[in-house]
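J.: Following this line is run.cif, made up of mmCIF, C-alpha atoms; chains and numbers go by the auth columns:
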data_work
loop_
_atom_site.group_PDB
_atom_site.id
_atom_site.type_symbol
_atom_site.label_atom_id
_atom_site.label_comp_id
_atom_site.label_asym_id
_atom_site.label_seq_id
_atom_site.Cartn_x
_atom_site.Cartn_y
_atom_site.Cartn_z
_atom_site.B_iso_or_equiv
_atom_site.auth_seq_id
_atom_site.auth_asym_id
ATOM 1 C CA MET A 1 81.918 67.089 11.371 0.00 1 A
ATOM 2 C CA ARG A 2 79.224 65.721 9.084 0.00 2 A
ATOM 3 C CA THR A 3 79.372 62.288 7.567 0.00 3 A
ATOM 4 C CA PRO A 4 79.335 61.920 3.762 0.00 4 A
ATOM 5 C CA SER A 5 75.712 60.720 3.864 0.00 5 A
ATOM 6 C CA GLU A 6 74.664 63.781 5.905 0.00 6 A
ATOM 7 C CA THR A 7 76.425 66.033 3.384 0.00 7 A
ATOM 8 C CA ASP A 8 74.682 64.253 0.497 0.00 8 A
ATOM 9 C CA THR A 9 71.312 64.728 2.207 0.00 9 A
ATOM 10 C CA THR A 10 71.967 68.416 2.975 0.00 10 A
ATOM 11 C CA ASP A 11 73.235 69.075 -0.552 0.00 11 A
ATOM 12 C CA GLY A 12 70.221 67.265 -2.013 0.00 12 A
ATOM 13 C CA VAL A 13 67.842 69.397 0.071 0.00 13 A
ATOM 14 C CA LEU A 14 69.679 72.575 -0.956 0.00 14 A
ATOM 15 C CA ALA A 15 69.550 71.568 -4.619 0.00 15 A
ATOM 16 C CA GLU A 16 65.800 70.948 -4.354 0.00 16 A
ATOM 17 C CA GLN A 17 65.284 74.308 -2.626 0.00 17 A
ATOM 18 C CA LEU A 18 67.224 76.073 -5.384 0.00 18 A
ATOM 19 C CA LEU A 19 65.151 74.325 -8.058 0.00 19 A
ATOM 20 C CA ARG A 20 61.892 75.288 -6.310 0.00 20 A
ATOM 21 C CA LEU A 21 63.088 78.880 -5.988 0.00 21 A
ATOM 22 C CA THR A 22 64.079 78.975 -9.655 0.00 22 A
ATOM 23 C CA ARG A 23 60.636 77.714 -10.710 0.00 23 A
ATOM 24 C CA ARG A 24 58.936 80.235 -8.414 0.00 24 A
ATOM 25 C CA LEU A 25 61.054 83.089 -9.755 0.00 25 A
ATOM 26 C CA HIS A 26 60.256 82.029 -13.318 0.00 26 A
ATOM 27 C CA ARG A 27 56.486 81.974 -12.569 0.00 27 A
ATOM 28 C CA ILE A 28 56.576 85.392 -10.887 0.00 28 A
ATOM 29 C CA GLN A 29 58.640 86.949 -13.687 0.00 29 A
ATOM 30 C CA LYS A 30 56.336 85.436 -16.300 0.00 30 A
ATOM 31 C CA ARG A 31 53.302 86.927 -14.527 0.00 31 A
ATOM 32 C CA HIS A 32 54.930 90.380 -14.404 0.00 32 A
ATOM 33 C CA MET A 33 55.986 90.132 -18.061 0.00 33 A
ATOM 34 C CA GLU A 34 52.643 88.912 -19.426 0.00 34 A
ATOM 35 C CA PRO A 35 51.143 92.419 -19.775 0.00 35 A
ATOM 36 C CA LEU A 36 54.093 93.329 -22.017 0.00 36 A
ATOM 37 C CA GLY A 37 53.297 90.496 -24.426 0.00 37 A
ATOM 38 C CA ILE A 38 56.856 89.194 -24.029 0.00 38 A
ATOM 39 C CA THR A 39 57.806 85.679 -22.964 0.00 39 A
ATOM 40 C CA PRO A 40 60.798 85.145 -20.654 0.00 40 A
ATOM 41 C CA ALA A 41 62.767 83.686 -23.586 0.00 41 A
ATOM 42 C CA GLN A 42 61.962 86.710 -25.766 0.00 42 A
ATOM 43 C CA GLY A 43 62.986 88.949 -22.883 0.00 43 A
ATOM 44 C CA ARG A 44 66.364 87.213 -22.668 0.00 44 A
ATOM 45 C CA LEU A 45 66.895 87.664 -26.401 0.00 45 A
ATOM 46 C CA LEU A 46 65.868 91.315 -26.256 0.00 46 A
ATOM 47 C CA ARG A 47 68.307 91.968 -23.388 0.00 47 A
ATOM 48 C CA LEU A 48 71.060 90.150 -25.256 0.00 48 A
ATOM 49 C CA VAL A 49 70.520 92.181 -28.439 0.00 49 A
ATOM 50 C CA SER A 50 70.622 95.370 -26.337 0.00 50 A
ATOM 51 C CA HIS A 51 74.141 94.470 -25.144 0.00 51 A
ATOM 52 C CA TYR A 52 75.325 94.887 -28.731 0.00 52 A
ATOM 53 C CA GLU A 53 74.051 98.501 -28.947 0.00 53 A
ATOM 54 C CA GLY A 54 76.866 100.714 -30.162 0.00 54 A
ATOM 55 C CA ALA A 55 78.665 97.735 -31.664 0.00 55 A
ATOM 56 C CA GLN A 56 77.974 95.583 -34.688 0.00 56 A
ATOM 57 C CA PRO A 57 74.537 93.965 -34.231 0.00 57 A
ATOM 58 C CA PRO A 58 74.588 90.211 -33.622 0.00 58 A
ATOM 59 C CA ARG A 59 73.948 87.501 -36.167 0.00 59 A
ATOM 60 C CA MET A 60 71.348 84.826 -35.424 0.00 60 A
ATOM 61 C CA ALA A 61 74.212 82.355 -34.856 0.00 61 A
ATOM 62 C CA ASP A 62 75.776 84.740 -32.296 0.00 62 A
ATOM 63 C CA LEU A 63 72.483 84.869 -30.406 0.00 63 A
ATOM 64 C CA ALA A 64 72.027 81.091 -30.511 0.00 64 A
ATOM 65 C CA ALA A 65 75.539 80.545 -29.155 0.00 65 A
ATOM 66 C CA ARG A 66 75.137 83.087 -26.350 0.00 66 A
ATOM 67 C CA LEU A 67 71.697 81.737 -25.374 0.00 67 A
ATOM 68 C CA GLU A 68 72.959 78.150 -25.710 0.00 68 A
ATOM 69 C CA VAL A 69 70.034 77.130 -27.922 0.00 69 A
ATOM 70 C CA VAL A 70 69.690 75.789 -31.454 0.00 70 A
ATOM 71 C CA PRO A 71 69.503 78.416 -34.217 0.00 71 A
ATOM 72 C CA ARG A 72 65.893 77.432 -35.016 0.00 72 A
ATOM 73 C CA ALA A 73 64.856 78.508 -31.501 0.00 73 A
ATOM 74 C CA VAL A 74 66.378 81.948 -32.108 0.00 74 A
ATOM 75 C CA THR A 75 64.537 82.229 -35.416 0.00 75 A
ATOM 76 C CA THR A 76 61.231 81.622 -33.628 0.00 76 A
ATOM 77 C CA LEU A 77 62.066 84.199 -30.933 0.00 77 A
ATOM 78 C CA VAL A 78 63.178 86.791 -33.499 0.00 78 A
ATOM 79 C CA ASP A 79 60.011 86.152 -35.552 0.00 79 A
ATOM 80 C CA GLY A 80 57.856 86.964 -32.503 0.00 80 A
ATOM 81 C CA LEU A 81 59.863 90.034 -31.558 0.00 81 A
ATOM 82 C CA GLU A 82 59.917 91.238 -35.146 0.00 82 A
ATOM 83 C CA ALA A 83 56.118 90.874 -35.353 0.00 83 A
ATOM 84 C CA ALA A 84 55.904 93.047 -32.217 0.00 84 A
ATOM 85 C CA ASP A 85 58.259 95.585 -33.878 0.00 85 A
ATOM 86 C CA CYS A 86 60.872 95.096 -31.129 0.00 86 A
ATOM 87 C CA VAL A 87 63.684 93.955 -33.444 0.00 87 A
ATOM 88 C CA ARG A 88 64.401 94.038 -37.153 0.00 88 A
ATOM 89 C CA ARG A 89 66.489 91.901 -39.431 0.00 89 A
ATOM 90 C CA ALA A 90 69.093 93.920 -41.316 0.00 90 A
ATOM 91 C CA PRO A 91 71.531 92.733 -43.973 0.00 91 A
ATOM 92 C CA ASP A 92 75.191 93.031 -43.034 0.00 92 A
ATOM 93 C CA PRO A 93 76.724 95.763 -45.243 0.00 93 A
ATOM 94 C CA ALA A 94 79.944 93.763 -45.612 0.00 94 A
ATOM 95 C CA ASN A 95 78.222 90.488 -46.517 0.00 95 A
ATOM 96 C CA ARG A 96 74.657 90.681 -47.800 0.00 96 A
ATOM 97 C CA ARG A 97 74.104 86.975 -47.060 0.00 97 A
ATOM 98 C CA VAL A 98 74.512 87.649 -43.313 0.00 98 A
ATOM 99 C CA ILE A 99 71.501 88.919 -41.400 0.00 99 A
ATOM 100 C CA ARG A 100 71.999 90.978 -38.249 0.00 100 A
ATOM 101 C CA ILE A 101 69.403 91.612 -35.544 0.00 101 A
ATOM 102 C CA GLU A 102 68.859 95.197 -34.395 0.00 102 A
ATOM 103 C CA LEU A 103 66.694 96.726 -31.692 0.00 103 A
ATOM 104 C CA THR A 104 63.966 99.107 -32.793 0.00 104 A
ATOM 105 C CA ASP A 105 62.704 102.109 -30.843 0.00 105 A
ATOM 106 C CA THR A 106 59.740 99.951 -29.807 0.00 106 A
ATOM 107 C CA GLY A 107 62.204 97.301 -28.653 0.00 107 A
ATOM 108 C CA ARG A 108 64.097 99.828 -26.523 0.00 108 A
ATOM 109 C CA ALA A 109 60.829 101.003 -24.919 0.00 109 A
ATOM 110 C CA THR A 110 59.776 97.384 -24.334 0.00 110 A
ATOM 111 C CA LEU A 111 63.162 96.688 -22.779 0.00 111 A
ATOM 112 C CA ARG A 112 62.654 99.572 -20.299 0.00 112 A
ATOM 113 C CA ARG A 113 59.215 98.179 -19.350 0.00 113 A
ATOM 114 C CA LEU A 114 60.751 94.705 -19.139 0.00 114 A
ATOM 115 C CA ARG A 115 63.405 95.925 -16.697 0.00 115 A
ATOM 116 C CA ASN A 116 60.675 97.465 -14.533 0.00 116 A
ATOM 117 C CA ALA A 117 58.697 94.208 -14.612 0.00 117 A
ATOM 118 C CA ARG A 118 61.793 92.224 -13.604 0.00 118 A
ATOM 119 C CA THR A 119 62.464 94.661 -10.742 0.00 119 A
ATOM 120 C CA ASP A 120 58.865 94.293 -9.558 0.00 120 A
ATOM 121 C CA ALA A 121 59.197 90.500 -9.718 0.00 121 A
ATOM 122 C CA ALA A 122 62.465 90.612 -7.742 0.00 122 A
ATOM 123 C CA GLU A 123 60.893 92.842 -5.112 0.00 123 A
ATOM 124 C CA GLU A 124 58.005 90.389 -4.779 0.00 124 A
ATOM 125 C CA ILE A 125 60.225 87.360 -4.351 0.00 125 A
ATOM 126 C CA LEU A 126 62.677 89.099 -1.993 0.00 126 A
ATOM 127 C CA ALA A 127 59.983 90.785 0.133 0.00 127 A
ATOM 128 C CA PRO A 128 60.364 88.358 3.090 0.00 128 A
ATOM 129 C CA LEU A 129 64.084 89.181 3.436 0.00 129 A
ATOM 130 C CA THR A 130 65.643 92.046 5.368 0.00 130 A
ATOM 131 C CA ALA A 131 68.260 94.264 3.730 0.00 131 A
ATOM 132 C CA ASP A 132 71.024 92.339 5.545 0.00 132 A
ATOM 133 C CA GLN A 133 69.601 89.003 4.386 0.00 133 A
ATOM 134 C CA ARG A 134 69.414 90.275 0.799 0.00 134 A
ATOM 135 C CA GLU A 135 73.041 91.355 0.949 0.00 135 A
ATOM 136 C CA MET A 136 74.059 87.967 2.358 0.00 136 A
ATOM 137 C CA LEU A 137 72.029 86.151 -0.301 0.00 137 A
ATOM 138 C CA GLY A 138 73.689 88.251 -3.006 0.00 138 A
ATOM 139 C CA GLY A 139 77.117 87.248 -1.718 0.00 139 A
ATOM 140 C CA LEU A 140 76.157 83.575 -1.588 0.00 140 A
ATOM 141 C CA LEU A 141 74.688 83.653 -5.096 0.00 141 A
ATOM 142 C CA ASN A 142 77.829 85.369 -6.416 0.00 142 A
ATOM 143 C CA ALA A 143 79.957 82.665 -4.816 0.00 143 A
ATOM 144 C CA LEU A 144 77.894 79.985 -6.552 0.00 144 A
ATOM 145 C CA ALA A 145 77.680 81.785 -9.903 0.00 145 A
ATOM 146 C CA ASP A 146 81.413 82.529 -10.056 0.00 146 A
ATOM 147 C CA VAL A 147 82.477 78.893 -9.731 0.00 147 A
ATOM 148 C CA PRO A 148 83.953 77.681 -13.048 0.00 148 A
ATOM 149 C CA PRO A 149 82.186 74.665 -14.601 0.00 149 A
ATOM 150 C CA GLU A 150 83.655 71.263 -13.817 0.00 150 A
ATOM 151 C CA GLY A 151 86.545 70.416 -16.069 0.00 151 A
ATOM 152 C CA ALA A 152 87.062 74.039 -17.133 0.00 152 A
ATOM 153 C CA CYS A 153 90.442 75.643 -16.802 0.00 153 A
ATOM 154 C CA PRO A 154 90.462 78.629 -14.395 0.00 154 A
#
Could you take the file, read its structure, and then write that structure out as C-alpha cells?
T.:
Amino acid sequence: MRTPSETDTTDGVLAEQLLRLTRRLHRIQKRHMEPLGITPAQGRLLRLVSHYEGAQPPRMADLAARLEVVPRAVTTLVDGLEAADCVRRAPDPANRRVIRIELTDTGRATLRRLRNARTDAAEEILAPLTADQREMLGGLLNALADVPPEGACP
C-alpha cells in the first residue's frame, strides 16, 4: 500500500504527463489544421454549429455557453469563419433581434477536411501504441472523462 505522499507524487507526475500530452496533441492538431486556414478554436465552433444541423441554428449566446467562453470570443470566432464563408449570420424568423449561426456549404466541406486533419493528427500521436494499448487508453480516458465534476450531483 502506498503512503499518502507517494500517492501525491504519483498523481502529480500523472497530472504533468497529461498536461504535456494535451499540449503535444494541441500542437499536432494545429499543424494539421493550418493548411485549412482554421484555428483549433474555430474548428471547435464549426463542429459545435454542425451539431445543430437539422434543428434550430444556435444563437451566439448558445455557442458561448457550450464553449464556456465569453460572448465576445464567439463573435471573434464567427467573424473569422464568416469571412472564410464557413458560417453565416441569419436573423431568427420568430424574433428579428436574435441572430442565429448557420453552416454554409463551404463550412460543411471545411468540416469534412477538418475531420480528416484531426484523424491524421490522432494517428500521428497514437502511432507508438499497439491496437490493444489504444483500446486500453480509450477505456482509461472514458473513465476519467465520465467522472462528474466535484460538487456536482450524479
J.: Excluding Arg113 of chain A and its own-chain neighbours fewer than 3 positions away, which residues fall within 12 Å of it when counting only C-alpha atoms? Please give them as an MDAnalysis selection string.
T.: chainID A and resid 32:38 43 46:47 106:110 116:120
J.: When you draw a straight line from atom CA of Ala121 of chain A to atom CA of Ala64 of chain A, how long is it in Å?
T.: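 A separation of 26.2 Å between them.
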J.: I want to know what sits within 12 Å of Pro93 of chain A, based on all atoms listed in the file, with residues of the same chain fewer than 4 positions away left out; could you give that as a PDB file with C-alpha atoms, in the frame of the given file?
T.:
ATOM      1  CA  GLN A  56      77.974  95.583 -34.688  1.00  0.00           C
ATOM      2  CA  PRO A  57      74.537  93.965 -34.231  1.00  0.00           C
ATOM      3  CA  ARG A  97      74.104  86.975 -47.060  1.00  0.00           C
ATOM      4  CA  VAL A  98      74.512  87.649 -43.313  1.00  0.00           C
ATOM      5  CA  ILE A  99      71.501  88.919 -41.400  1.00  0.00           C
ATOM      6  CA  ARG A 100      71.999  90.978 -38.249  1.00  0.00           C
TER       7      ARG A 100
END
J.: Just how far from atom CA of Glu102 of chain A is atom CA of Pro58 of chain A, in Å to one decimal?
T.: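 For atom CA of Pro58 of chain A relative to atom CA of Glu102 of chain A, the distance reads 7.6 Å.
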J.: Could you jot down the atom CA of Ser50 of chain A to atom CA of Lys30 of chain A separation for me, Å, one decimal place?
T.: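 It comes out at 20.1 Å.
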J.: Between A:Leu45, A:Val87, A:Leu144, A:Ala131, which has the minimum distance to Ala73 of chain A (counting all atoms listed in the file)?
T.: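 Ranked by minimum distance to Ala73 of chain A, first place goes to A:Leu45.
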J.: Can you pull out the residues contacting segment 17-25 of chain A? Cut-off 7 Å, using all atoms listed in the file, and skip same-chain residues under 4 positions away; I want them as a list in words.
T.: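 The filter keeps Val13, Gln29 and Ile125 of chain A.
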J.: Pick from A:Ala41, A:Ala65, A:Ala143, A:Leu126: nearest to Gly80 of chain A, with only C-alpha atoms counted?
T.: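 So, comparing all the options, the nearest one is A:Ala41.
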